[in-house]
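Engineer: Data: coords_35.pdb, PDB, C-alpha atoms.
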```pdb
ATOM      1  CA  ASP U   1    -119.176 -15.040-176.111  1.00  0.00           C
ATOM      2  CA  LEU U   2    -119.632 -12.983-179.290  1.00  0.00           C
ATOM      3  CA  PHE U   3    -116.982 -10.438-178.403  1.00  0.00           C
ATOM      4  CA  THR U   4    -114.457 -13.174-177.688  1.00  0.00           C
ATOM      5  CA  THR U   5    -115.037 -14.773-181.066  1.00  0.00           C
ATOM      6  CA  LEU U   6    -114.513 -11.407-182.764  1.00  0.00           C
ATOM      7  CA  LEU U   7    -111.089 -10.938-181.255  1.00  0.00           C
ATOM      8  CA  TYR U   8    -108.373 -10.837-183.867  1.00  0.00           C
ATOM      9  CA  THR U   9    -104.761  -9.787-184.138  1.00  0.00           C
ATOM     10  CA  ILE U  10    -103.806  -6.784-186.204  1.00  0.00           C
ATOM     11  CA  LYS U  11    -100.332  -7.123-187.574  1.00  0.00           C
ATOM     12  CA  PHE U  12     -98.139  -4.168-188.400  1.00  0.00           C
ATOM     13  CA  GLU U  13     -95.482  -4.077-191.119  1.00  0.00           C
ATOM     14  CA  GLN U  14     -93.181  -1.047-191.049  1.00  0.00           C
ATOM     15  CA  GLY U  15     -95.671   0.837-188.911  1.00  0.00           C
ATOM     16  CA  ILE U  16     -98.579   0.478-191.394  1.00  0.00           C
ATOM     17  CA  MET U  17    -101.693  -1.588-190.661  1.00  0.00           C
ATOM     18  CA  ALA U  18    -101.428  -4.782-192.697  1.00  0.00           C
ATOM     19  CA  VAL U  19    -104.966  -6.228-192.436  1.00  0.00           C
ATOM     20  CA  LEU U  20    -108.522  -5.095-191.734  1.00  0.00           C
ATOM     21  CA  VAL U  21    -111.481  -7.226-190.633  1.00  0.00           C
ATOM     22  CA  ASP U  22    -114.991  -6.219-191.749  1.00  0.00           C
ATOM     23  CA  GLU U  23    -118.364  -7.186-190.300  1.00  0.00           C
ATOM     24  CA  GLN U  24    -118.450 -10.383-192.353  1.00  0.00           C
ATOM     25  CA  TYR U  25    -115.169 -11.548-190.803  1.00  0.00           C
ATOM     26  CA  GLN U  26    -113.304 -11.173-194.119  1.00  0.00           C
ATOM     27  CA  VAL U  27    -109.691 -10.044-194.245  1.00  0.00           C
ATOM     28  CA  HIS U  28    -108.688  -7.321-196.726  1.00  0.00           C
ATOM     29  CA  PRO U  29    -105.336  -5.636-197.332  1.00  0.00           C
ATOM     30  CA  THR U  30    -105.213  -1.918-196.628  1.00  0.00           C
ATOM     31  CA  VAL U  31    -104.921   0.522-199.485  1.00  0.00           C
ATOM     32  CA  GLN U  32    -101.876   2.749-199.217  1.00  0.00           C
ATOM     33  CA  HIS U  33    -101.750   6.091-200.999  1.00  0.00           C
ATOM     34  CA  ARG U  34     -98.300   7.535-201.603  1.00  0.00           C
ATOM     35  CA  PHE U  35     -97.132  10.719-203.251  1.00  0.00           C
ATOM     36  CA  SER U  36     -93.605  11.803-204.073  1.00  0.00           C
ATOM     37  CA  PRO U  37     -92.890  15.439-204.928  1.00  0.00           C
ATOM     38  CA  TYR U  38     -89.850  14.317-206.915  1.00  0.00           C
ATOM     39  CA  ALA U  39     -89.241  12.543-210.215  1.00  0.00           C
ATOM     40  CA  MET U  40     -86.012  11.596-211.941  1.00  0.00           C
ATOM     41  CA  ASN U  41     -85.865  12.862-215.516  1.00  0.00           C
ATOM     42  CA  GLY U  42     -82.297  11.738-216.149  1.00  0.00           C
ATOM     43  CA  GLY U  43     -79.568  13.588-217.962  1.00  0.00           C
ATOM     44  CA  THR U  44     -75.805  13.839-217.604  1.00  0.00           C
ATOM     45  CA  VAL U  45     -73.470  16.825-217.389  1.00  0.00           C
ATOM     46  CA  VAL U  46     -69.661  16.808-217.782  1.00  0.00           C
ATOM     47  CA  ALA U  47     -67.299  19.765-217.387  1.00  0.00           C
ATOM     48  CA  VAL U  48     -63.517  20.103-217.789  1.00  0.00           C
ATOM     49  CA  ALA U  49     -61.379  23.149-217.008  1.00  0.00           C
ATOM     50  CA  GLY U  50     -58.570  24.063-219.396  1.00  0.00           C
ATOM     51  CA  GLU U  51     -55.726  26.563-219.087  1.00  0.00           C
ATOM     52  CA  ASP U  52     -57.738  29.559-220.300  1.00  0.00           C
ATOM     53  CA  PHE U  53     -61.034  27.925-221.245  1.00  0.00           C
ATOM     54  CA  ALA U  54     -63.637  25.440-220.002  1.00  0.00           C
ATOM     55  CA  VAL U  55     -65.637  22.731-221.766  1.00  0.00           C
ATOM     56  CA  ILE U  56     -69.082  21.596-220.611  1.00  0.00           C
ATOM     57  CA  GLY U  57     -71.393  19.050-222.204  1.00  0.00           C
ATOM     58  CA  CYS U  58     -74.920  17.790-221.560  1.00  0.00           C
ATOM     59  CA  ASP U  59     -77.150  15.340-223.358  1.00  0.00           C
ATOM     60  CA  THR U  60     -80.565  16.489-224.633  1.00  0.00           C
ATOM     61  CA  ARG U  61     -82.800  13.579-223.565  1.00  0.00           C
ATOM     62  CA  LEU U  62     -85.641  14.166-221.077  1.00  0.00           C
ATOM     63  CA  SER U  63     -87.142  10.921-219.809  1.00  0.00           C
ATOM     64  CA  GLU U  64     -88.980   9.304-216.925  1.00  0.00           C
ATOM     65  CA  GLY U  65     -88.881   5.584-216.272  1.00  0.00           C
ATOM     66  CA  TYR U  66     -88.954   3.860-219.651  1.00  0.00           C
ATOM     67  CA  SER U  67     -90.594   6.797-221.427  1.00  0.00           C
ATOM     68  CA  ILE U  68     -88.750   9.466-223.427  1.00  0.00           C
ATOM     69  CA  LEU U  69     -90.565  12.764-222.926  1.00  0.00           C
ATOM     70  CA  SER U  70     -88.362  14.848-225.233  1.00  0.00           C
ATOM     71  CA  ARG U  71     -85.240  14.417-227.327  1.00  0.00           C
ATOM     72  CA  ASP U  72     -84.334  18.106-227.562  1.00  0.00           C
ATOM     73  CA  VAL U  73     -83.951  19.734-224.148  1.00  0.00           C
ATOM     74  CA  THR U  74     -81.026  22.110-223.583  1.00  0.00           C
ATOM     75  CA  LYS U  75     -79.520  21.606-220.132  1.00  0.00           C
ATOM     76  CA  VAL U  76     -76.588  24.045-220.345  1.00  0.00           C
ATOM     77  CA  LYS U  77     -77.444  27.690-219.800  1.00  0.00           C
ATOM     78  CA  LYS U  78     -75.204  30.692-220.399  1.00  0.00           C
ATOM     79  CA  VAL U  79     -75.692  32.735-217.241  1.00  0.00           C
ATOM     80  CA  THR U  80     -72.982  35.372-217.841  1.00  0.00           C
ATOM     81  CA  ASP U  81     -70.372  36.063-220.523  1.00  0.00           C
ATOM     82  CA  LYS U  82     -67.854  34.075-218.470  1.00  0.00           C
ATOM     83  CA  CYS U  83     -69.991  31.389-216.894  1.00  0.00           C
ATOM     84  CA  LEU U  84     -72.106  28.403-217.972  1.00  0.00           C
ATOM     85  CA  HIS U  85     -74.463  26.394-215.769  1.00  0.00           C
ATOM     86  CA  GLY U  86     -75.212  22.723-216.406  1.00  0.00           C
ATOM     87  CA  CYS U  87     -78.246  21.411-214.526  1.00  0.00           C
ATOM     88  CA  VAL U  88     -79.920  17.976-214.782  1.00  0.00           C
ATOM     89  CA  GLY U  89     -82.217  15.837-212.633  1.00  0.00           C
ATOM     90  CA  PHE U  90     -85.863  16.544-211.807  1.00  0.00           C
ATOM     91  CA  HIS U  91     -86.911  18.900-214.606  1.00  0.00           C
ATOM     92  CA  GLY U  92     -89.394  20.813-212.450  1.00  0.00           C
ATOM     93  CA  ASP U  93     -86.645  21.687-209.969  1.00  0.00           C
ATOM     94  CA  VAL U  94     -84.259  22.468-212.844  1.00  0.00           C
ATOM     95  CA  LEU U  95     -86.702  25.085-214.180  1.00  0.00           C
ATOM     96  CA  THR U  96     -87.393  26.526-210.723  1.00  0.00           C
ATOM     97  CA  LEU U  97     -83.709  26.758-209.824  1.00  0.00           C
ATOM     98  CA  THR U  98     -82.664  28.381-213.100  1.00  0.00           C
ATOM     99  CA  LYS U  99     -85.462  30.958-212.798  1.00  0.00           C
ATOM    100  CA  MET U 100     -84.287  31.733-209.255  1.00  0.00           C
ATOM    101  CA  LEU U 101     -80.704  32.196-210.458  1.00  0.00           C
ATOM    102  CA  ASP U 102     -81.849  34.466-213.307  1.00  0.00           C
ATOM    103  CA  ALA U 103     -83.697  36.702-210.843  1.00  0.00           C
ATOM    104  CA  LYS U 104     -80.706  36.928-208.508  1.00  0.00           C
ATOM    105  CA  LEU U 105     -78.327  37.682-211.390  1.00  0.00           C
ATOM    106  CA  LYS U 106     -80.557  40.529-212.602  1.00  0.00           C
ATOM    107  CA  GLN U 107     -80.824  41.914-209.078  1.00  0.00           C
ATOM    108  CA  TYR U 108     -77.025  41.811-208.734  1.00  0.00           C
ATOM    109  CA  LYS U 109     -76.589  43.550-212.105  1.00  0.00           C
ATOM    110  CA  HIS U 110     -78.990  46.369-211.169  1.00  0.00           C
ATOM    111  CA  THR U 111     -77.422  46.810-207.729  1.00  0.00           C
ATOM    112  CA  HIS U 112     -73.723  46.718-208.678  1.00  0.00           C
ATOM    113  CA  ASP U 113     -73.876  47.750-212.345  1.00  0.00           C
ATOM    114  CA  LYS U 114     -71.719  44.799-213.414  1.00  0.00           C
ATOM    115  CA  ALA U 115     -72.088  41.105-214.165  1.00  0.00           C
ATOM    116  CA  MET U 116     -71.457  38.582-211.417  1.00  0.00           C
ATOM    117  CA  SER U 117     -68.072  36.830-211.545  1.00  0.00           C
ATOM    118  CA  CYS U 118     -67.857  33.067-211.856  1.00  0.00           C
ATOM    119  CA  GLU U 119     -66.581  32.723-208.284  1.00  0.00           C
ATOM    120  CA  ALA U 120     -69.417  34.869-206.925  1.00  0.00           C
ATOM    121  CA  LEU U 121     -71.990  32.950-208.928  1.00  0.00           C
ATOM    122  CA  ALA U 122     -70.626  29.650-207.602  1.00  0.00           C
ATOM    123  CA  GLN U 123     -71.062  30.901-204.042  1.00  0.00           C
ATOM    124  CA  MET U 124     -74.531  32.273-204.796  1.00  0.00           C
ATOM    125  CA  LEU U 125     -75.662  28.918-206.189  1.00  0.00           C
ATOM    126  CA  SER U 126     -74.346  27.230-203.047  1.00  0.00           C
ATOM    127  CA  THR U 127     -76.399  29.471-200.730  1.00  0.00           C
ATOM    128  CA  THR U 128     -79.460  29.064-202.980  1.00  0.00           C
ATOM    129  CA  LEU U 129     -79.255  25.283-202.676  1.00  0.00           C
ATOM    130  CA  TYR U 130     -78.559  25.440-198.927  1.00  0.00           C
ATOM    131  CA  TYR U 131     -81.621  27.639-198.380  1.00  0.00           C
ATOM    132  CA  ARG U 132     -83.714  24.674-199.529  1.00  0.00           C
ATOM    133  CA  ARG U 133     -81.801  22.079-197.511  1.00  0.00           C
ATOM    134  CA  PHE U 134     -84.955  20.742-195.771  1.00  0.00           C
ATOM    135  CA  PHE U 135     -86.744  20.258-199.123  1.00  0.00           C
ATOM    136  CA  PRO U 136     -83.799  20.143-201.559  1.00  0.00           C
ATOM    137  CA  TYR U 137     -83.823  20.798-205.261  1.00  0.00           C
ATOM    138  CA  TYR U 138     -83.412  17.362-206.874  1.00  0.00           C
ATOM    139  CA  THR U 139     -80.774  18.578-209.318  1.00  0.00           C
ATOM    140  CA  TYR U 140     -77.166  17.929-210.271  1.00  0.00           C
ATOM    141  CA  ASN U 141     -75.339  21.225-210.830  1.00  0.00           C
ATOM    142  CA  ILE U 142     -71.986  22.063-212.399  1.00  0.00           C
ATOM    143  CA  ILE U 143     -70.636  25.558-213.070  1.00  0.00           C
ATOM    144  CA  ALA U 144     -67.983  25.999-215.778  1.00  0.00           C
ATOM    145  CA  GLY U 145     -66.318  29.226-216.852  1.00  0.00           C
ATOM    146  CA  LEU U 146     -63.418  31.603-216.349  1.00  0.00           C
ATOM    147  CA  ASP U 147     -62.226  32.967-213.003  1.00  0.00           C
ATOM    148  CA  ASN U 148     -61.028  36.511-212.320  1.00  0.00           C
ATOM    149  CA  LYS U 149     -57.562  35.599-213.633  1.00  0.00           C
ATOM    150  CA  GLY U 150     -58.905  34.224-216.900  1.00  0.00           C
ATOM    151  CA  LYS U 151     -58.229  30.606-215.943  1.00  0.00           C
ATOM    152  CA  GLY U 152     -60.708  27.828-216.639  1.00  0.00           C
ATOM    153  CA  CYS U 153     -62.694  26.713-213.604  1.00  0.00           C
ATOM    154  CA  VAL U 154     -65.272  24.057-212.738  1.00  0.00           C
ATOM    155  CA  TYR U 155     -67.450  23.940-209.603  1.00  0.00           C
ATOM    156  CA  SER U 156     -69.435  20.883-208.574  1.00  0.00           C
ATOM    157  CA  TYR U 157     -72.233  20.633-205.973  1.00  0.00           C
ATOM    158  CA  ASP U 158     -74.111  18.217-203.787  1.00  0.00           C
ATOM    159  CA  PRO U 159     -77.911  18.635-203.436  1.00  0.00           C
ATOM    160  CA  VAL U 160     -77.710  20.948-200.400  1.00  0.00           C
ATOM    161  CA  GLY U 161     -75.040  23.357-201.627  1.00  0.00           C
ATOM    162  CA  SER U 162     -71.686  21.955-200.549  1.00  0.00           C
ATOM    163  CA  TYR U 163     -69.326  22.745-203.437  1.00  0.00           C
ATOM    164  CA  GLN U 164     -65.705  22.714-204.479  1.00  0.00           C
ATOM    165  CA  ARG U 165     -63.570  23.797-207.396  1.00  0.00           C
ATOM    166  CA  GLU U 166     -62.227  20.905-209.448  1.00  0.00           C
ATOM    167  CA  PRO U 167     -60.364  20.376-212.732  1.00  0.00           C
ATOM    168  CA  PHE U 168     -63.177  18.133-214.044  1.00  0.00           C
ATOM    169  CA  ARG U 169     -66.434  16.597-212.872  1.00  0.00           C
ATOM    170  CA  ALA U 170     -69.356  14.488-214.100  1.00  0.00           C
ATOM    171  CA  GLY U 171     -72.875  14.649-212.664  1.00  0.00           C
ATOM    172  CA  GLY U 172     -76.247  13.092-213.363  1.00  0.00           C
ATOM    173  CA  SER U 173     -77.497   9.643-214.254  1.00  0.00           C
ATOM    174  CA  ALA U 174     -74.309   8.432-215.987  1.00  0.00           C
ATOM    175  CA  SER U 175     -71.821  10.066-213.607  1.00  0.00           C
ATOM    176  CA  ALA U 176     -70.783   6.728-212.055  1.00  0.00           C
ATOM    177  CA  ILE U 177     -69.771   5.533-215.522  1.00  0.00           C
ATOM    178  CA  ILE U 178     -68.033   8.708-216.668  1.00  0.00           C
ATOM    179  CA  GLN U 179     -66.134   9.868-213.563  1.00  0.00           C
ATOM    180  CA  PRO U 180     -63.687   6.905-213.470  1.00  0.00           C
ATOM    181  CA  LEU U 181     -62.911   7.508-217.147  1.00  0.00           C
ATOM    182  CA  LEU U 182     -62.173  11.185-216.456  1.00  0.00           C
ATOM    183  CA  ASP U 183     -59.948  10.190-213.523  1.00  0.00           C
ATOM    184  CA  ASN U 184     -57.991   7.889-215.806  1.00  0.00           C
ATOM    185  CA  GLN U 185     -57.711  10.122-218.877  1.00  0.00           C
ATOM    186  CA  LEU U 186     -57.281  13.547-217.253  1.00  0.00           C
ATOM    187  CA  ALA U 187     -55.796  12.832-213.805  1.00  0.00           C
ATOM    188  CA  TYR U 188     -53.802   9.854-215.182  1.00  0.00           C
ATOM    189  CA  LYS U 189     -54.800   7.633-212.274  1.00  0.00           C
ATOM    190  CA  ASN U 190     -53.639   4.010-212.529  1.00  0.00           C
ATOM    191  CA  GLN U 191     -51.281   4.977-215.355  1.00  0.00           C
ATOM    192  CA  SER U 192     -47.514   5.201-215.580  1.00  0.00           C
ATOM    193  CA  ASN U 193     -45.087   6.856-218.001  1.00  0.00           C
ATOM    194  CA  VAL U 194     -47.689   9.296-219.291  1.00  0.00           C
ATOM    195  CA  ASP U 195     -47.207  12.691-220.899  1.00  0.00           C
ATOM    196  CA  PRO U 196     -48.874  15.282-218.612  1.00  0.00           C
ATOM    197  CA  THR U 197     -49.120  17.904-221.363  1.00  0.00           C
ATOM    198  CA  PRO U 198     -52.413  19.838-220.973  1.00  0.00           C
ATOM    199  CA  LYS U 199     -54.984  18.958-223.599  1.00  0.00           C
ATOM    200  CA  THR U 200     -56.163  21.465-226.176  1.00  0.00           C
ATOM    201  CA  ARG U 201     -59.721  22.680-226.716  1.00  0.00           C
ATOM    202  CA  GLN U 202     -60.248  20.293-229.619  1.00  0.00           C
ATOM    203  CA  GLN U 203     -58.838  17.337-227.711  1.00  0.00           C
ATOM    204  CA  LEU U 204     -61.118  17.962-224.734  1.00  0.00           C
ATOM    205  CA  LYS U 205     -64.132  18.529-226.953  1.00  0.00           C
ATOM    206  CA  SER U 206     -63.468  15.242-228.745  1.00  0.00           C
ATOM    207  CA  MET U 207     -62.990  13.474-225.408  1.00  0.00           C
ATOM    208  CA  VAL U 208     -66.299  14.761-224.044  1.00  0.00           C
ATOM    209  CA  ARG U 209     -68.040  13.687-227.245  1.00  0.00           C
ATOM    210  CA  ASP U 210     -66.561  10.166-227.010  1.00  0.00           C
ATOM    211  CA  ILE U 211     -67.433   9.944-223.307  1.00  0.00           C
ATOM    212  CA  PHE U 212     -71.088  10.706-223.994  1.00  0.00           C
ATOM    213  CA  ALA U 213     -71.150   8.246-226.899  1.00  0.00           C
ATOM    214  CA  ALA U 214     -69.894   5.532-224.529  1.00  0.00           C
ATOM    215  CA  ALA U 215     -72.266   6.511-221.700  1.00  0.00           C
ATOM    216  CA  SER U 216     -75.308   6.429-223.983  1.00  0.00           C
ATOM    217  CA  GLU U 217     -74.575   2.754-224.673  1.00  0.00           C
ATOM    218  CA  ARG U 218     -74.994   1.891-220.981  1.00  0.00           C
ATOM    219  CA  ASP U 219     -77.347   4.493-219.508  1.00  0.00           C
ATOM    220  CA  ILE U 220     -80.924   4.639-220.838  1.00  0.00           C
ATOM    221  CA  TYR U 221     -81.403   8.161-219.443  1.00  0.00           C
ATOM    222  CA  THR U 222     -78.545   9.601-221.530  1.00  0.00           C
ATOM    223  CA  GLY U 223     -78.830   9.893-225.279  1.00  0.00           C
ATOM    224  CA  ASP U 224     -80.199  11.473-228.483  1.00  0.00           C
ATOM    225  CA  GLU U 225     -77.670  14.350-228.732  1.00  0.00           C
ATOM    226  CA  VAL U 226     -74.843  15.882-226.756  1.00  0.00           C
ATOM    227  CA  GLU U 227     -74.501  19.663-226.611  1.00  0.00           C
ATOM    228  CA  ILE U 228     -70.888  20.723-226.009  1.00  0.00           C
ATOM    229  CA  SER U 229     -69.978  24.323-225.187  1.00  0.00           C
ATOM    230  CA  VAL U 230     -66.484  25.809-225.014  1.00  0.00           C
ATOM    231  CA  ILE U 231     -66.146  29.124-223.170  1.00  0.00           C
ATOM    232  CA  ASP U 232     -63.082  31.380-223.296  1.00  0.00           C
ATOM    233  CA  ALA U 233     -62.196  35.078-223.388  1.00  0.00           C
ATOM    234  CA  ASN U 234     -63.646  35.382-226.903  1.00  0.00           C
ATOM    235  CA  GLY U 235     -67.065  34.023-225.955  1.00  0.00           C
ATOM    236  CA  THR U 236     -68.930  30.727-226.107  1.00  0.00           C
ATOM    237  CA  ASN U 237     -69.026  28.228-228.949  1.00  0.00           C
ATOM    238  CA  THR U 238     -71.646  25.448-228.887  1.00  0.00           C
ATOM    239  CA  GLU U 239     -71.929  22.341-231.061  1.00  0.00           C
ATOM    240  CA  ARG U 240     -74.258  19.342-231.101  1.00  0.00           C
ATOM    241  CA  PHE U 241     -73.427  15.734-231.934  1.00  0.00           C
ATOM    242  CA  LYS U 242     -75.694  12.717-232.392  1.00  0.00           C
ATOM    243  CA  LEU U 243     -75.922   9.952-229.775  1.00  0.00           C
ATOM    244  CA  ARG U 244     -78.008   6.802-229.525  1.00  0.00           C
ATOM    245  CA  SER U 245     -81.721   7.471-229.938  1.00  0.00           C
ATOM    246  CA  ASP U 246     -83.148   4.211-228.613  1.00  0.00           C
TER
END
```
Using structure tokens, write down the structure from this file.
Structural biologist:
Amino acid sequence: DLFTTLLYTIKFEQGIMAVLVDEQYQVHPTVQHRFSPYAMNGGTVVAVAGEDFAVIGCDTRLSEGYSILSRDVTKVKKVTDKCLHGCVGFHGDVLTLTKMLDAKLKQYKHTHDKAMSCEALAQMLSTTLYYRRFFPYYTYNIIAGLDNKGKGCVYSYDPVGSYQREPFRAGGSASAIIQPLLDNQLAYKNQSNVDPTPKTRQQLKSMVRDIFAAASERDIYTGDEVEISVIDANGTNTERFKLRSD
């Protein structure tokens, strides 16, 4: 009968209806509408802790896919006199997170009449990220500065707030390229008969500059310029150096 001839099989692929049959017995693919609240705008951040200073560098390129949205975006923010915050990833979440940190720092200053220490700020950033663990900030965060003893310190994070203090760390789109180089040059992994003398400010600054120059050759989301900041007891000094612009 008519109803028997109209019987058809609807196939499912990954739980979504694959075909539809209209009144004229024609088969059409379904239209799927998707929305992602995230985007990846690239960027790389590198930080190294020295004896009584810390060095942090970020590139200035803001991109999405194969499009460069801006070549001059600062991704390192001075949050206190002894602490710098490098943040890359989804630029919307970067802006939201940094505004949230600014508000909490001001509230702390008004309540305690003093600036937040680098250790306290590292913990505060961790709880801020963990608060959003079910809808995380799509950001890569690194804190660099001086601890309560005046020693250089670096804190790295995962997206939901787990963090640890480290002597050096790379984050962002080129981190997989840069981290092995840092392990080799600063932790002397896979080397023998090396001189473990701590590197000076200028040596570390030059190393970070060379690392970004190498990364920009391989990672399309890293480039244009690198902004390198050195923080110590006398303050913060920032310089910019050219990278690849294509």
Engineer: Looking at all atoms listed in the file, which of U:Pro198, U:Gly43, U:Gly171, U:Gly150 is the one that sits closest to Glu227 (chain U)?
Structural biologist: U:Gly43
Engineer: Compile the contact shell of region 37-40 of chain U as a ChimeraX atom specification: residues with an atom at most 7 Å away, counting all atoms listed in the file, same-chain residues fewer than 4 positions apart removed.
Structural biologist: /U:64,89-90
Engineer: Between U:Lys114, U:Lys199, U:His91, U:Lys149, single out the one closest to Ser70 (chain U), counting all atoms listed in the file.
Structural biologist: U:His91
Engineer: Residues picked by the PyMOL selection byres ((chain U and resi 208) around 9) here, as an NGL selection string?
Structural biologist: :U and (46-48 or 55-57 or 203-207 or 209-213 or 228)
Engineer: Near Leu62 (chain U), counting only C-alpha atoms, which residues have an atom at most 8 Å away, once you skip same-chain residues fewer than 3 positions from it, shown as a VMD selection string?
Structural biologist: chain U and resid 41 to 43 68 to 73 221
Engineer: For those residues, write C-alpha atoms to a file as a short mmCIF file (atom, residue, chain, number, x, y, z; two decimals), in the frame of the given file.
Structural biologist:
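So selection33.cif came out as:
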```cif
data_model
loop_
_atom_site.label_atom_id
_atom_site.label_comp_id
_atom_site.auth_asym_id
_atom_site.auth_seq_id
_atom_site.Cartn_x
_atom_site.Cartn_y
_atom_site.Cartn_z
CA ASN U 41 -85.86 12.86 -215.52
CA GLY U 42 -82.30 11.74 -216.15
CA GLY U 43 -79.57 13.59 -217.96
CA ILE U 68 -88.75 9.47 -223.43
CA LEU U 69 -90.56 12.76 -222.93
CA SER U 70 -88.36 14.85 -225.23
CA ARG U 71 -85.24 14.42 -227.33
CA ASP U 72 -84.33 18.11 -227.56
CA VAL U 73 -83.95 19.73 -224.15
CA TYR U 221 -81.40 8.16 -219.44
#
```
Engineer: So, counting only C-alpha atoms, which residue among U:Leu84, U:Asp52, U:Pro196, U:Phe168 is closest to Leu181 (chain U)?
Structural biologist: U:Phe168
Engineer: One number please: CA of Asn141 (chain U) to CA of Thr236 (chain U), in Å, one decimal.
Structural biologist: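 These atoms are spaced 19.1 Å apart.
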Engineer: Enter the distance from CA of Ala122 (chain U) to CA of Asp224 (chain U), in Å, rounded to one decimal.
Structural biologist: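 Pair CA of Ala122 (chain U) / CA of Asp224 (chain U) returns 29.3 Å.
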